[in-house]
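Student: Below: one structure in C-alpha cells.
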Amino acid sequence: PTTRHYDLVISEGQGWPDGVVRDMLFINGQFPGPLIEVNRGDRLVVNVTNYLSKNSTTIHWHGLFQNGTNWFDGTTGVTQCGIPPGKSLLYNFTIDNQFGTYWYHSHYGTQYLDGILGPLIVHAPEEADARKLYDQERVVLVQDWYHDFSTVNLGNYLVPDNENSEPVPDNGLINGFSYFNCSSYPPDSGRTCFDNNTYTVFTLDPNTRTRLRLINTGAFAEFQLSIDNHTLSVIEADGTLVNPYPVHRLPIHVAQRYSVVLTTNQSTSTNYWIRAAMNTACFTGDNPVLDPTTMAVVSYSGNNTIVPAVNSSVDWKDAYDVICEDLDPSLLVPTSRAVPPPATTFYRVDFSFGIGAYQLDYAKVNGTTWAPLGNSTTLIEAVDGLGQGEAGKFGVTGQVSAFESNQFVVGTSNSSVEVVDVLIYSLDEGSHPFHLHGHQFWILRTGSGSFDWKNYYSSIMPSKPGAVENALRRDTLTIKPYAWSLIRFVADNPGLWALHCHIAWHMEAGLLMQFMSRADVLKTMRIPDDVRALCV
Ligand code: C2O
C-alpha cells in the first residue's frame, strides 16, 4: 500500500462539450475531472480547493466504504458542511476491502451535473482471474447533458403542481464530448453553438480484448449502451466481479457502473458506432429530448478510414427488451461467492411525490422530505448527542426525534452489527436509481405491485438467509415504476449513511433518507476539527 496525493481545484467558466456554449464547472480546468487510480489498501489524500465565486462544494467518493472515516464521505448536510469559496479540505482515507469501478462527484445540490465529477478506479490482486479476460482497459463515462445551468432547471422543476415532470436533458456525452446539430436551435435562440462534429474515438488494436469501464455520471437518464456488430461481455457491476454474461445492449442507470469486455474481432475496414441511447420512454415530462442518442466511435488501429466515418457498421436490431429497469440481477453471478447472513432488522421505505394543485413538487420518504440541516450535519448531531448519553433518541425502528422533522433517520443498533433488510417501495411512475452510501447490498428480491412481506418474513426471518444465495451485490439499483426491491446490508460501518435516489432532481426534491450504524462506536469517534469547522 502507498499514499496517493491528488489536488482537485473547483472553478467556474464557460465550456462547450457538445458545441453549445454554457456556463459550467471544472476540476483543474478540465471536464470531466482527472482519473483517480489506486490499489486496494492505498491511502488516498485529496486536497479539494473551492475557487467558485459564491457556492460551497464537497466531493463524494461514490461507492467507497469510508469505514472509520464517515466524515470524508462528502455528503452535504449528512457528513459535512460545504467547503466555502476560497477554502480547502484535505480528504484523507484508506480504501480497504473493495476494488473495481467507482467515481467521484460533488454532493452539494445539483452541482455535479454542471461538471464536478470524474472516474475513480481501484485495482486489486483479487482481479487476477478477471485480468485474463482482457488485454487493456478504458474508462467510458456516459451521461445526459443540459444546455442550461442546473439551478435554472431546478427552479423550473420545484414549483407547485408540476406532477414530478423532470427537466429533460438536451443531449448526452461520452467522455465529455458529443455532436450536436446546431440547427436544432433557431438563430434567435440566444445560444452560441459550434457545429464541431466531435466524437470520442476509441482506437483499439484488432483482435484484442478491452475492459470498458462504463460509468453513468448523469443526472437523470438511463442509457442503453451498445457497440455496432460487437457483443459485450459483462464482468463487473458496481465493484462486484461477475461471471461473464454476453449482451448486445446494456441498460445503465444514473450512478451505476459496469465493466464489459469488447473483443475487436470484426472487419478492420470500417469503424463502429458506440451508441448510448437514452430511455426517453422512462421520462414523465413531455418536452422532447433534442438528441437522445449519443455516439462515439470504435476504430481499429491500422484502419485507413478517416475517423469518424462509419461505413457498414450495423446497429443491433433486437428489441430494447429492458426498459426503465436494470438487467435482471439474477443473470449476474458474483465470481466471489457471498451468502447473505440472516437479517436482524427490517424497514419498509415507501416513496412518492407531492402531486395535485398547489402541491410543491417534493418527494416523500415515509412521509418526510429531506433537506440538509442549515449549519450542521446529521453526523455532528449524532456524535454530540450520543456523547451526552442521549443514545435513547435513536430508536431502532423509527425516525430519530432529535433531528428536524424532515430528517428520516433510522438508527440500526447501539451495540452490535445489525444485518438490515430494506424494502424500497415506489409509489411513483418513474424509474429510480437508488444508491446506498458506505455499503454494498445484496438484491434479494424485486417485483411489481404489492408484496406480502409480512408473510415472506414470517417464513424466513430471522433464522434463514433467504432464498437468494450469492445474490448480486452492488451499491446502486433501479426501482421500476410502481415496483419494489428488497435489499440487505451489513451495517458494520459506523456513521450516517444516505440512501437516496441518484436522479439529481429527485435528491433536491428530498428523496433521501439516512441510516445511522454502530452508534456504540460512533460516539467514541472524533470528527476531525477541520471537518467540524466547515459548519459555522
Ligand atoms: Cu453518487 Cu449520494 O451519491
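Here's how to read the names in the C-alpha cells: chain A, B, ... by the order shown, residue numbers from 1 in each chain, ligand numbers from 1 in the order shown.
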Go through the chains and note each residue within 9 Å of ligand 1, using only C-alpha atoms and all ligand atoms, then give the set as a ChimeraX atom specification.
Tutor: /A:60-63,73-75,103-107,217,254-256,435-437,476,497-502,507,512
Student: DSSP on the backbone, strand (DSSP E or B) only: what residues of segment 434-520 of chain A does that give? Format it as a PyMOL selection string.
Tutor: chain A and resi 434-436+441-448+473-474+476-479+483-491+495-501+512-517
Student: Keeping only C-alpha atoms, write those residues as a PDB file, in the first residue's frame.
Tutor:
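For reference, out18.pdb as written:
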```
ATOM      1  CA  PHE A 434     -31.284   4.107  -5.512  1.00  0.00           C
ATOM      2  CA  HIS A 435     -27.815   4.405  -4.015  1.00  0.00           C
ATOM      3  CA  LEU A 436     -26.705   3.411  -0.528  1.00  0.00           C
ATOM      4  CA  PHE A 441     -26.152  -4.545  -0.584  1.00  0.00           C
ATOM      5  CA  TRP A 442     -27.498  -7.854  -1.792  1.00  0.00           C
ATOM      6  CA  ILE A 443     -30.509  -7.645  -4.081  1.00  0.00           C
ATOM      7  CA  LEU A 444     -32.745 -10.304  -2.525  1.00  0.00           C
ATOM      8  CA  ARG A 445     -35.961  -9.850  -4.451  1.00  0.00           C
ATOM      9  CA  THR A 446     -37.612  -7.426  -6.808  1.00  0.00           C
ATOM     10  CA  GLY A 447     -41.142  -7.238  -8.115  1.00  0.00           C
ATOM     11  CA  SER A 448     -44.015  -5.069  -9.228  1.00  0.00           C
ATOM     12  CA  ARG A 473     -24.155  -7.182  -4.533  1.00  0.00           C
ATOM     13  CA  ARG A 474     -23.917  -3.605  -5.704  1.00  0.00           C
ATOM     14  CA  THR A 476     -26.952   1.391  -6.918  1.00  0.00           C
ATOM     15  CA  LEU A 477     -30.071  -0.363  -8.208  1.00  0.00           C
ATOM     16  CA  THR A 478     -33.052   0.740 -10.243  1.00  0.00           C
ATOM     17  CA  ILE A 479     -36.508   0.625  -8.709  1.00  0.00           C
ATOM     18  CA  ALA A 483     -42.355  -1.647  -8.022  1.00  0.00           C
ATOM     19  CA  TRP A 484     -40.233  -2.714  -5.064  1.00  0.00           C
ATOM     20  CA  SER A 485     -36.875  -4.181  -4.234  1.00  0.00           C
ATOM     21  CA  LEU A 486     -35.769  -5.936  -1.085  1.00  0.00           C
ATOM     22  CA  ILE A 487     -32.113  -5.332  -0.272  1.00  0.00           C
ATOM     23  CA  ARG A 488     -29.903  -6.473   2.604  1.00  0.00           C
ATOM     24  CA  PHE A 489     -26.724  -4.925   4.000  1.00  0.00           C
ATOM     25  CA  VAL A 490     -24.432  -5.478   6.946  1.00  0.00           C
ATOM     26  CA  ALA A 491     -24.417  -2.274   8.990  1.00  0.00           C
ATOM     27  CA  GLY A 495     -21.620   6.648  10.659  1.00  0.00           C
ATOM     28  CA  LEU A 496     -24.544   8.317   8.962  1.00  0.00           C
ATOM     29  CA  TRP A 497     -25.191   6.909   5.518  1.00  0.00           C
ATOM     30  CA  ALA A 498     -27.536   8.269   2.878  1.00  0.00           C
ATOM     31  CA  LEU A 499     -29.913   6.072   0.921  1.00  0.00           C
ATOM     32  CA  HIS A 500     -31.281   8.126  -1.932  1.00  0.00           C
ATOM     33  CA  CYS A 501     -32.480   8.285  -5.486  1.00  0.00           C
ATOM     34  CA  LEU A 512     -33.145  10.850   0.608  1.00  0.00           C
ATOM     35  CA  MET A 513     -33.067   9.122   3.977  1.00  0.00           C
ATOM     36  CA  GLN A 514     -30.275   8.092   6.332  1.00  0.00           C
ATOM     37  CA  PHE A 515     -29.103   5.102   8.311  1.00  0.00           C
ATOM     38  CA  MET A 516     -27.079   5.513  11.463  1.00  0.00           C
ATOM     39  CA  SER A 517     -24.841   2.487  12.006  1.00  0.00           C
TER      40      SER A 517
END
```
Student: So which residues touch Thr231 of chain A within 10 Å, counting only C-alpha atoms, skipping near sequence neighbours fewer than 4 positions away, as a PDB file with N, CA and C atoms, in the first residue's frame?
Tutor:
```pdb
ATOM      1  N   SER A 226     -24.610   0.197 -26.518  1.00  0.00           N
ATOM      2  CA  SER A 226     -24.282  -0.898 -27.434  1.00  0.00           C
ATOM      3  C   SER A 226     -23.156  -0.460 -28.359  1.00  0.00           C
ATOM      4  N   ILE A 227     -22.489  -1.428 -28.954  1.00  0.00           N
ATOM      5  CA  ILE A 227     -21.465  -1.149 -29.969  1.00  0.00           C
ATOM      6  C   ILE A 227     -21.827  -1.974 -31.197  1.00  0.00           C
ATOM      7  N   TYR A 245     -21.155 -12.365 -18.822  1.00  0.00           N
ATOM      8  CA  TYR A 245     -22.516 -12.510 -19.340  1.00  0.00           C
ATOM      9  C   TYR A 245     -22.643 -11.646 -20.602  1.00  0.00           C
ATOM     10  N   PRO A 246     -22.933 -12.280 -21.773  1.00  0.00           N
ATOM     11  CA  PRO A 246     -22.938 -11.518 -23.026  1.00  0.00           C
ATOM     12  C   PRO A 246     -24.236 -10.750 -23.253  1.00  0.00           C
ATOM     13  N   VAL A 247     -24.105  -9.520 -23.727  1.00  0.00           N
ATOM     14  CA  VAL A 247     -25.278  -8.701 -24.060  1.00  0.00           C
ATOM     15  C   VAL A 247     -25.005  -7.946 -25.362  1.00  0.00           C
ATOM     16  N   HIS A 248     -26.073  -7.568 -26.040  1.00  0.00           N
ATOM     17  CA  HIS A 248     -25.962  -6.628 -27.156  1.00  0.00           C
ATOM     18  C   HIS A 248     -26.151  -5.201 -26.690  1.00  0.00           C
ATOM     19  N   ARG A 249     -27.093  -5.049 -25.751  1.00  0.00           N
ATOM     20  CA  ARG A 249     -27.358  -3.712 -25.204  1.00  0.00           C
ATOM     21  C   ARG A 249     -27.340  -3.822 -23.696  1.00  0.00           C
ATOM     22  N   VAL A 260     -17.433  -4.120 -19.154  1.00  0.00           N
ATOM     23  CA  VAL A 260     -17.753  -5.068 -20.214  1.00  0.00           C
ATOM     24  C   VAL A 260     -16.481  -5.299 -21.007  1.00  0.00           C
ATOM     25  N   VAL A 261     -16.307  -6.522 -21.503  1.00  0.00           N
ATOM     26  CA  VAL A 261     -15.146  -6.812 -22.351  1.00  0.00           C
ATOM     27  C   VAL A 261     -15.587  -6.745 -23.811  1.00  0.00           C
ATOM     28  N   LEU A 262     -14.857  -5.931 -24.570  1.00  0.00           N
ATOM     29  CA  LEU A 262     -15.089  -5.757 -26.003  1.00  0.00           C
ATOM     30  C   LEU A 262     -13.949  -6.438 -26.747  1.00  0.00           C
ATOM     31  N   THR A 263     -14.283  -7.370 -27.633  1.00  0.00           N
ATOM     32  CA  THR A 263     -13.251  -8.042 -28.428  1.00  0.00           C
ATOM     33  C   THR A 263     -13.300  -7.505 -29.854  1.00  0.00           C
ATOM     34  N   THR A 264     -12.164  -7.022 -30.340  1.00  0.00           N
ATOM     35  CA  THR A 264     -12.123  -6.402 -31.670  1.00  0.00           C
ATOM     36  C   THR A 264     -11.888  -7.487 -32.720  1.00  0.00           C
ATOM     37  N   TRP A 316     -27.559  -3.151 -33.588  1.00  0.00           N
ATOM     38  CA  TRP A 316     -28.267  -4.380 -33.231  1.00  0.00           C
ATOM     39  C   TRP A 316     -29.757  -4.188 -33.443  1.00  0.00           C
TER      40      TRP A 316
END
```
Student: List every residue of segment 108-222 of chain A that DSSP, applied to the backbone, labels as helix (DSSP H, G or I), and write the result as a list in words.
Tutor: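 Everything in segment 108-222 of chain A that counts as helix (DSSP H, G or I) is Gln111, Tyr112, Leu113, Asp114, Pro125, Glu126, Glu127, Ala128, Asp129, Ala130, Arg131, Ser150, Thr151, Val152, Asn153, Leu154, Gly155, Asn156, Tyr157, Cys182, Ser183, Ser184, Pro187, Asp188 and Ser189 of chain A.
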Student: Pick out the closest residue to Val234 of chain A from this set: A:Trp273, A:Tyr112, A:Tyr134, A:Trp16. Count only C-alpha atoms.
Tutor: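 Nearest candidate to Val234 of chain A out of A:Trp273, A:Tyr112, A:Tyr134, A:Trp16: A:Tyr134.
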Student: Check the smallest atom-to-atom distance from each of A:Asp291, A:Asp161, A:Glu236, A:Asp23 to Cys182 of chain A using only C-alpha atoms, then report the winner.
Tutor: A:Asp291
Student: For a test of reading the model, state the distance in Å between atom CA of Phe283 of chain A and atom CA of Asn164 of chain A, rounded to one decimal.
Tutor: 10.0 Å
